[in-house]
Every structure is written in structure tokens, then in C-alpha cells.
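Notes follow the structure.
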4 protein chains.
Amino acid sequence: MNSSYKSLKEECYQANMELQAEGLVIHTFGNVSAVDRDKGVMAIKPSGVPYKDLKSQDIVVVDFDNNIVEGRLRPSSDTKTHNFLYRNWGQIGGIAHTHALYSVAWAQAQRDIPIFGTTHADHLTKDIPCAPPMSDALIAGDYEYNTGMQIMDCFQERNLDPSEVEMILIGNHGPFAWGKDAHKAVYNSIVLETVAHMAFLTLQINPDAPSLKESLIKKHYGRKHGKDAYYGQ
Amino acid sequence: MNSSYKSLKEECYQANMELQAEGLVIHTFGNVSAVDRDKGVMAIKPSGVPYKDLKSQDIVVVDFDNNIVEGRLRPSSDTKTHNFLYRNWGQIGGIAHTHALYSVAWAQAQRDIPIFGTTHADHLTKDIPCAPPMSDALIAGDYEYNTGMQIMDCFQERNLDPSEVEMILIGNHGPFAWGKDAHKAVYNSIVLETVAHMAFLTLQINPDAPSLKESLIKKHYGRKHGKDAYYGQ
Amino acid sequence: MNSSYKSLKEECYQANMELQAEGLVIHTFGNVSAVDRDKGVMAIKPSGVPYKDLKSQDIVVVDFDNNIVEGRLRPSSDTKTHNFLYRNWGQIGGIAHTHALYSVAWAQAQRDIPIFGTTHADHLTKDIPCAPPMSDALIAGDYEYNTGMQIMDCFQERNLDPSEVEMILIGNHGPFAWGKDAHKAVYNSIVLETVAHMAFLTLQINPDAPSLKESLIKKHYGRKHGKDAYYGQ
Amino acid sequence: MNSSYKSLKEECYQANMELQAEGLVIHTFGNVSAVDRDKGVMAIKPSGVPYKDLKSQDIVVVDFDNNIVEGRLRPSSDTKTHNFLYRNWGQIGGIAHTHALYSVAWAQAQRDIPIFGTTHADHLTKDIPCAPPMSDALIAGDYEYNTGMQIMDCFQERNLDPSEVEMILIGNHGPFAWGKDAHKAVYNSIVLETVAHMAFLTLQINPDAPSLKESLIKKHYGRKHGKDAYYGQ
């Protein structure tokens, strides 16, 4: 079948399968999307389809008003959350949502993940934020749209930059991560789960473990990001 | 060999193997059954057979009085528990029993699993109940039959609906889960183990973690269940 | 090469490989032996050989005085411990020693593993004993021989029967398990690690978790052992 | 392509791949190097290359002044740390750096890993040291060079011998391990992660767990090291 969204759907499909291969999801939980801003569409996992049955052609393409542009299946029930973020944050190209164990545990505990070490600082300079649960009125309204708003509000209140902090926990729910493309969004989901796991263990060993000091945060983040970066090729 | 229970045995066999593939059992522990109400029989794993040696033709078919209808091997020692539940709960089609680590840990701790997040609420709206240990008199009596009664009593006392809460912990023992067929029973066993793991980690991070609020419970359960559900295809 | 110990060596080899496949050992740690009482010998893993390089013909056969009867390699450094147990406990046919994580953790914590649930009671009716560290004099003496003595002393002091309690922790060291043959010794090592893991999690959830009550211990052990057993084929 | 460093690069490549196969790294994290003292060079993983894409010919060869001698890619950003250790500790042949979970957790907790059992004492007789975080001045300076100095300073202050204690934690960062060659460095990284995991669990079970007594430390270390060793072939 011809499709003008073939490579977008393939990118989205591969990223969804990577999510599962990395052990971040069970059953049908979780979803990854990829955006094509020139065409004004995003591709996302269909709702409730097990990863083992998922095929590239099952990926659903929707426009920014959540209308289906291509695909026989219903898109993820979290589609409006993804679209909200794409519309408000022009620089991101992919979004991933999981129910990974340690990320969810911190979200259920309603706690930010403190920056304890260089694994964390290699990727972001702030604690990983945990947005508070939504108000009852917003839950009763357009829930998935409001989840996107909840994420953006949290970033605005804390003065965080979504280009630098590419991940968040939704209180009582779980993690969202994003990046320049769908693969990077999954990459960041793995970083988040790893950092969540390390921080969990750290507090078990030393409940008074101090945050990483500012000089080390700057050094490690700067090795990988910005004009003086010297990590990688 | 001809068998009028071939598809029932195959459903039961596949579900048992899935139990092992998902890492919920070791050695010969655990068992899954599937019922055929029209024929008045259920199929169940034979007692004490390692999963790696299990074949579809080894599955034992028994009637609702626990008489063997087909099969050369003895059925699971938990057969009467399964049969008790099939006889009393007309709507269920499959039952799974495991010794999965986190589920067993909560059972041994004699604690209900609190509803802390949306992963839980996507599947049920209540804490996962932990039935108290049986009285000495009942243990000395028809133990496996009484285990079924213990499950039903717990649901009646707490006014729980087995169509909505498809899982329970038996204090000091472990989990039982059920569903419309054997596959769904295994699916629910995985949900239970995942939720048990998440709740365990949540309390380690924040011993005072609050339960999920009612509006979020209703929203998430309603996304997947009932007339207004919009999750899945 | 002809060998009158071929099947004994093969049993020992297979059990050692099973130990690794089950994830109970890393590097060269751990060892399994099998005894042939008619021939007055036991077969054991050679010392310090990685599992990935181990072959059936590498297995070393020694007599009850620890003399090599067949084999080009040095036997496990724990050989005297195994021989001590074979000589004193006439009914056992195989022994396994591992450095499995949860078993070692309880040994390092110098704590018996409390009997919290039916997974434990399906296999033994007592807490899993943790022998105290050896006296300095015994450590300076024939250490591996004395480790065997330490195990036997612990069983005698506590009036335990090695036919019923087929496992022990050596304080600060790790677990030994045994059984009617080498495969059963590995089986019991897995049971021990699983029960150690479950008990660990149980105490994290509920530090005051009570021991399993006597009636349930008897019921579950009796389902699998003794004249009224009805588990298995 | 001809290379006079072919076997050195192959040793380095194999050790890096082993690091990943053992689950000690995710993404591009971690690196292993191997030294050839006769040729005055070391081989190391290129910076930021995912393990699944890594090939033997990608390995970078640098001299002791960190100049690239062979290789089209940039060497690991930690190259100067490796070189510092090779220059100061003439007896070591390989170095491995990971972000393994339990090792990092102890580093983030800024705690030495206490010697609790024989798994630890089989490899070293001291607590595994955790070096304090670097001063701001040193962080702002030649960071990776100073990390090497930080390791050496910690060993000198505590009077530790790098031939006996072949591993360290850098506070808030993670583990470095070394050995006679690159394979042994990876071997020691696995030992460190295993011992870190065991010690973590031990303290959860018994926060007052005592250190291993001196006689057992000497006995177990002596079984494997020194003139009276009798472990292995």
C-alpha cells in the first residue's frame, strides 16, 4: 500500500518496539509517537494493541486536531496529550509514555527524583519533576488534553526548559519523555528509568544522601551539551 | 488421539506455558485452568509436572465434582479450589494461581495492596484484597475446597464483585487471578505482580504515599471498562 | 576415553550447568557434587573453571579421603566440605553450593530465614538455619573440613533432620543445599534463593510479619511429603 | 587494514562487549581500556558509540600523552583518567568504568562498601573505598586527569595497594576497576557490582550486620591469592 507517511510510521513503529525490547512496558501499556511538522501530522501507536502483534502499517497518523489522516485502527487514548505537547513545544520530534517500574514508583510516591549523581547530570541539570495530580474538574473534563496542559504548567511554574529537561513524571500515573525524534524519546525513557532506579537505591543506602554539587552538575552536563561539549563523535 | 476437549486443553496448555514464559513461576509451582460450561468440565495442569516437560495432551479434564473425564495424570492439587470458583462465579472462564515474588510477598505480609496509581486503576477500582489465613478447623478439613470458600467469603464480606476485582491474595500463600478465559487469567496475574511490585517500591520511597483519589480511579477504570470505555479497538 | 564414572560425571556436569543457567552463580563461583556410594566416590566441579568452559570430562572424581580417582584437574576447594557431609549423612546423593544473592544476603546478615508462607512450607517445616561463623581456631585449622562439621553441629544443636531440612546458610559465607541426587540439590538451591527473596520482600512490606501458623505448615508439608502426600504423580 | 595494534584493539573490543553482555552498561555509558607498555600505548572505546554498533576497528589507540596513534574516532572522554592510572600504577594492564546500578548507588550514597562476607574477601581484604567528590577547583581544571589523581590520592591516604584492592567508587559518579588485563578489569567490575548488591541487601535485612571477622578475611583471601593459594588450577 502506498503511503506518504511511510518513513514516519516506520520511525514510530521501531521506537515502539524498542520500548518493549528494553523492558519498559508490559501488555499493551505505553506508547511512542513521532511528528512530521512539515506535513502537520504525527504518527502514534494504535490503542490497546499488544506489542507482539504490532506492525508498521498499524501505526495511526493523525493531524494536530486529532483527526485520523491514515490508519484503520483507533490511535492511542493518550493521543491528545502527545498532540498538546507537539503544538506547544515546537522543537520536539518524538514523545514516549511508559509504565516502567521505578519511574511509576516515584510518580506514585509523588516525589521529584533528586539529582544524586553524574548519570543524571549527563542528561539534565535539574531534579526530574513530578507534576501534582490534576484537579477533579480537569479530570472530569478533556482528561488527555489536560494531561498535556498539566505537563506544560509544571514546566512553566518551575521555569524549566523542555529542551533541557526532556522528561517528567505525572503524579500517580507515570513518566513522559521526549526528544528530537521518537528514538531519542525512548532513549530518554531509559535514562529516566535508570536514574529513577539509582536514586531509589541511593536513598535506601543513605536516606540523607546529598544532591550532586553545582560544579559537578555543570561539568557533566557541559561535557555532553552546548558549545563546549566534547563527548561523542 | 481423538478428544472432544482438544481446544479446551490447548487453551489451558498455552496459558500455563505463558505463565512460565512471563517468569511468574519456578519449578512445578503454579497452575492455570480453563472451563467449558456447556460440557460441564474444566481443564487444568497436571500436578507436579515441570513446565519444560508439559505437553498439551498432559492437561487433565475434570468435571465439576472433580472426577477425571480425560487424562492419564493426576490433576493439580489445587483443582478443588478452581472448581469451587467456577461453580460459584458463573461468569469466569479461566483461573491462574502463581507463586510470583511480589504477589507472594504481600500475601506473606498479610496486607492488601493499596491502589496507588493509574496502572492499578486501569484494571480495578479497589485495593487488591488479601484474605486472612484460614481457621485451623478449615485447614484440617477439605483444604483446597475451603480455599475456594475463603476467597468467596472474602469477596462477600467486603462486598467485592469478582467481575470487577479479578484477583486476590490468600494470606501466607499467594495470588489467584481469573477472567473471561485462561489467557485473561494469566494476563491478570501479570497485572497483579506488576502492581504489587510498583506498590512495594512506592512505599519504600514514601511510606506515607496517599491512595489514588476517587476521580482518577473512576476516570482510568472508565477509560477501559463499561459503556463509555474508549481504550482499545 | 573409557571411564567407569561416566554417568556420575555426567550427572554432576549437568547439575553444575543447571546452577549457572538458573542464574545462581557468576564467574567460577559455586559447585555441585554427586556421590556414588557403591563405588565409594564423589564427582565434583574442578576448582576455578568458568562454567562456559566446563565440560563433562573436566569433572573430578575423588574418594571419601579426598584422593583424586579420576580427572586431570584439581577438585573444588570445597571438596572436603562435600565429603564430610556425604560421610556423615548416608541418605544424601548430591550437594550444591552457590553465592546466590538473597541467600548470601541472609547469611551475611547472620539471620535464619523465617517461615513466612506456603512456598517455604511446601519444602520444609522449619526456619532455614544460619550457622554462626566458625571459631578462629577452626578457621586456622582444616577450614573446609570444619565447614562440614559446622553444618552438622548446627543441625545437631537445633535437632534438625537433614532429610527434612535440605539446606543451610553458613554465616557470612552462603548457602549449601543437598538432596537425593545432584539435580535435587540444585532444585533445593533454587527453592532456597526464592524463599530468601520472598522473605526479604515480606519484611520490607511488614517488619512485623508473623510466622506461618503450625496448622498451615503441617498441611502444606504433608501435601508433598510423607505417607499422606497427594501432590505430584 | 594492517595494524600493529590489532591484538591490543581486539582485547579492548572483546572486554567492552563483555561489559555490555553482563548488563553493566546501557546506551553508550562505560568504557574499557587495555595497555601495551612495550609500545607505550593504550587502546580504548571511542566516545559515545553504542555497544551494538561497536567494531574492533573502531577502538582508538592513544599514547601516554593522550595523542591518537591509530583510529578515526575520538577516544572516550575518560581517556585521561585511564592514562593517569596506567602511568602511576605500572602493574595494571586493563581498566573498566561502568554505571552499574548498585555500584553507582553506593557511590551516590557516598559510602564505602563494608566487607560483609566471603564473596568480598575472596577478592580483597578491605572495604571497597568510595573517594569523596572532587574540589570545585579540580573540577573546573583538567577534570578527567584530576579524576585519576583523585583515585590515586584516595589510595595513598588510606594506604591501599592497587594490586590488592583492584576497584574504587568515585563519590556521586560510579565505579572504576582494573586488573592485569582488560578482561580482568571487567571481571572485577562484575565482582564489585555483585558485592555492592549483596551488601545492599544485607543492610536491608540487618542494619547492624557486623563486618567479616579478620580470621575469615585472611583465610578466604589467602585461598585465592599469595604463595599459599590453593584455589583454581
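Residue numbering restarts at 1 for every chain of the C-alpha cells, chains are lettered A, B, ... in their displayed order, and ligands are numbered from 1 as they appear.
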
Specify as a PyMOL selection string all residues of chain D found within 9 Å of chain A, counting only C-alpha atoms. chain D and resi 26-27+29+46-49+73-77+99+101-102+104-111+133-136+139-140+143+171-174+200+203-204

Please report, as a PyMOL selection string, each residue of stretch 111-145 of chain C to which DSSP assigns strand (DSSP E or B) when run on this structure's backbone. chain C and resi 113+128+130-131

Generate a file of the selected residues that holds N, CA, C and O atoms, formatted as a PDB file, in the first residue's frame.
ATOM      1  N   ILE C 113      16.220 -17.675  58.028  1.00  0.00           N
ATOM      2  CA  ILE C 113      15.120 -17.203  57.176  1.00  0.00           C
ATOM      3  C   ILE C 113      13.811 -17.712  57.770  1.00  0.00           C
ATOM      4  O   ILE C 113      13.547 -18.917  57.774  1.00  0.00           O
ATOM      5  N   ILE C 128      14.882 -21.613  57.879  1.00  0.00           N
ATOM      6  CA  ILE C 128      16.133 -22.084  57.271  1.00  0.00           C
ATOM      7  C   ILE C 128      17.273 -21.606  58.148  1.00  0.00           C
ATOM      8  O   ILE C 128      17.462 -20.401  58.358  1.00  0.00           O
ATOM      9  N   CYS C 130      20.748 -20.476  59.889  1.00  0.00           N
ATOM     10  CA  CYS C 130      22.005 -19.801  59.538  1.00  0.00           C
ATOM     11  C   CYS C 130      23.032 -20.160  60.609  1.00  0.00           C
ATOM     12  O   CYS C 130      22.908 -19.739  61.759  1.00  0.00           O
ATOM     13  N   ALA C 131      24.013 -20.975  60.228  1.00  0.00           N
ATOM     14  CA  ALA C 131      25.048 -21.383  61.183  1.00  0.00           C
ATOM     15  C   ALA C 131      25.927 -20.196  61.521  1.00  0.00           C
ATOM     16  O   ALA C 131      26.222 -19.370  60.654  1.00  0.00           O
TER      17      ALA C 131
END

Residues near stretch 60-72 of chain D, cut-off 8 Å, only C-alpha atoms, skip fewer than 5 positions along chain, as an NGL selection string: :D and (5 or 9 or 40-46 or 79-80 or 83 or 87)

Requested write-out: N, CA and C atoms of the selected residues, as a PDB file, in the first residue's frame:
ATOM      1  N   TYR D   5      48.596  -2.828  16.176  1.00  0.00           N
ATOM      2  CA  TYR D   5      47.895  -2.872  17.464  1.00  0.00           C
ATOM      3  C   TYR D   5      46.685  -3.797  17.425  1.00  0.00           C
ATOM      4  N   LYS D   9      43.775  -4.011  20.248  1.00  0.00           N
ATOM      5  CA  LYS D   9      42.442  -3.500  19.955  1.00  0.00           C
ATOM      6  C   LYS D   9      41.390  -4.603  20.120  1.00  0.00           C
ATOM      7  N   GLY D  40      54.107   1.533  24.514  1.00  0.00           N
ATOM      8  CA  GLY D  40      53.789   2.853  25.076  1.00  0.00           C
ATOM      9  C   GLY D  40      52.431   3.387  24.671  1.00  0.00           C
ATOM     10  N   VAL D  41      51.457   2.506  24.504  1.00  0.00           N
ATOM     11  CA  VAL D  41      50.109   2.935  24.095  1.00  0.00           C
ATOM     12  C   VAL D  41      49.030   2.208  24.881  1.00  0.00           C
ATOM     13  N   MET D  42      47.839   2.800  24.840  1.00  0.00           N
ATOM     14  CA  MET D  42      46.673   2.077  25.341  1.00  0.00           C
ATOM     15  C   MET D  42      45.558   2.166  24.284  1.00  0.00           C
ATOM     16  N   ALA D  43      44.676   1.145  24.307  1.00  0.00           N
ATOM     17  CA  ALA D  43      43.520   1.120  23.401  1.00  0.00           C
ATOM     18  C   ALA D  43      42.276   1.343  24.239  1.00  0.00           C
ATOM     19  N   ILE D  44      41.327   2.121  23.719  1.00  0.00           N
ATOM     20  CA  ILE D  44      40.137   2.453  24.499  1.00  0.00           C
ATOM     21  C   ILE D  44      38.920   2.620  23.579  1.00  0.00           C
ATOM     22  N   LYS D  45      37.733   2.440  24.163  1.00  0.00           N
ATOM     23  CA  LYS D  45      36.478   2.621  23.433  1.00  0.00           C
ATOM     24  C   LYS D  45      36.375   4.046  22.900  1.00  0.00           C
ATOM     25  N   PRO D  46      35.872   4.219  21.678  1.00  0.00           N
ATOM     26  CA  PRO D  46      35.621   5.576  21.192  1.00  0.00           C
ATOM     27  C   PRO D  46      34.459   6.211  21.963  1.00  0.00           C
ATOM     28  N   THR D  79      39.477   9.192  28.787  1.00  0.00           N
ATOM     29  CA  THR D  79      40.807   8.698  28.420  1.00  0.00           C
ATOM     30  C   THR D  79      41.909   9.148  29.380  1.00  0.00           C
ATOM     31  N   LYS D  80      41.870  10.406  29.774  1.00  0.00           N
ATOM     32  CA  LYS D  80      42.939  10.904  30.651  1.00  0.00           C
ATOM     33  C   LYS D  80      42.932  10.238  32.029  1.00  0.00           C
ATOM     34  N   ASN D  83      44.695   6.925  31.417  1.00  0.00           N
ATOM     35  CA  ASN D  83      46.131   7.142  31.229  1.00  0.00           C
ATOM     36  C   ASN D  83      46.831   7.508  32.535  1.00  0.00           C
ATOM     37  N   ARG D  87      49.974   5.317  34.007  1.00  0.00           N
ATOM     38  CA  ARG D  87      51.291   5.930  34.229  1.00  0.00           C
ATOM     39  C   ARG D  87      51.750   5.789  35.670  1.00  0.00           C
TER      40      ARG D  87
END

Check stretch 58-156 of chain B with DSSP on the backbone and list each residue it calls helix (DSSP H, G or I), as number ranges by chain. B: 58, 79-88, 101-108, 118-121, 136-140, 143-156

Would you mind listing what lies within 9 Å of stretch 88-95 of chain B as JSON, numbers by chain, with only C-alpha atoms counted and same-chain residues fewer than 5 positions away left out? {"B": [12, 31, 32, 33, 34, 35, 36, 37, 42, 82, 83, 152, 162, 163, 176, 177, 178, 179, 180, 181, 182, 183, 184, 185, 186]}

Just-selected residues, N, CA and C atoms written as a compact mmCIF listing (two decimals), in the first residue's frame:
# COMPACT_ATOMS: atom_id res chain seq x y z
N CYS B 12 -5.79 -24.24 27.76
CA CYS B 12 -5.21 -24.41 29.10
C CYS B 12 -3.69 -24.56 29.02
N ASN B 31 -0.46 -22.97 38.49
CA ASN B 31 -1.33 -23.72 37.59
C ASN B 31 -2.41 -22.81 37.02
N VAL B 32 -2.82 -23.14 35.80
CA VAL B 32 -3.90 -22.42 35.14
C VAL B 32 -4.95 -23.44 34.70
N SER B 33 -6.22 -23.03 34.79
CA SER B 33 -7.30 -23.87 34.29
C SER B 33 -8.17 -23.07 33.34
N ALA B 34 -8.96 -23.80 32.54
CA ALA B 34 -9.93 -23.20 31.62
C ALA B 34 -11.21 -24.02 31.71
N VAL B 35 -12.35 -23.36 31.63
CA VAL B 35 -13.62 -24.08 31.81
C VAL B 35 -14.40 -24.14 30.49
N ASP B 36 -15.16 -25.22 30.31
CA ASP B 36 -16.15 -25.31 29.22
C ASP B 36 -17.49 -25.60 29.89
N ARG B 37 -18.29 -24.56 30.09
CA ARG B 37 -19.51 -24.71 30.87
C ARG B 37 -20.57 -25.54 30.14
N MET B 42 -13.73 -28.72 33.32
CA MET B 42 -12.63 -27.77 33.24
C MET B 42 -11.34 -28.54 32.96
N HIS B 82 -10.14 -24.34 42.18
CA HIS B 82 -10.59 -23.86 40.87
C HIS B 82 -12.08 -24.19 40.68
N ASN B 83 -12.42 -25.44 40.93
CA ASN B 83 -13.80 -25.87 40.71
C ASN B 83 -14.79 -25.10 41.58
N MET B 152 -14.25 -16.72 48.28
CA MET B 152 -15.61 -16.21 48.09
C MET B 152 -16.07 -15.44 49.34
N PRO B 162 -16.55 -10.09 41.71
CA PRO B 162 -15.47 -10.81 41.01
C PRO B 162 -15.40 -10.49 39.52
N SER B 163 -16.41 -9.80 38.98
CA SER B 163 -16.31 -9.35 37.59
C SER B 163 -15.47 -8.09 37.48
N PHE B 176 -4.37 -15.64 43.43
CA PHE B 176 -5.23 -16.25 42.42
C PHE B 176 -5.78 -15.10 41.56
N ALA B 177 -5.85 -15.34 40.25
CA ALA B 177 -6.46 -14.35 39.36
C ALA B 177 -7.33 -15.09 38.37
N TRP B 178 -8.34 -14.42 37.82
CA TRP B 178 -9.26 -15.07 36.88
C TRP B 178 -9.68 -14.09 35.81
N GLY B 179 -10.53 -14.57 34.91
CA GLY B 179 -11.00 -13.71 33.83
C GLY B 179 -11.90 -14.48 32.90
N LYS B 180 -12.23 -13.87 31.77
CA LYS B 180 -13.20 -14.50 30.87
C LYS B 180 -12.65 -15.78 30.23
N ASP B 181 -11.34 -15.91 30.15
CA ASP B 181 -10.74 -17.16 29.68
C ASP B 181 -9.37 -17.33 30.35
N ALA B 182 -8.70 -18.43 30.03
CA ALA B 182 -7.44 -18.74 30.71
C ALA B 182 -6.36 -17.69 30.40
N HIS B 183 -6.34 -17.22 29.18
CA HIS B 183 -5.36 -16.20 28.81
C HIS B 183 -5.56 -14.93 29.64
N LYS B 184 -6.80 -14.54 29.83
CA LYS B 184 -7.08 -13.32 30.61
C LYS B 184 -6.70 -13.54 32.08
N ALA B 185 -6.83 -14.75 32.56
CA ALA B 185 -6.42 -15.04 33.94
C ALA B 185 -4.91 -14.86 34.11
N VAL B 186 -4.16 -15.30 33.10
CA VAL B 186 -2.71 -15.10 33.14
C VAL B 186 -2.38 -13.61 32.99
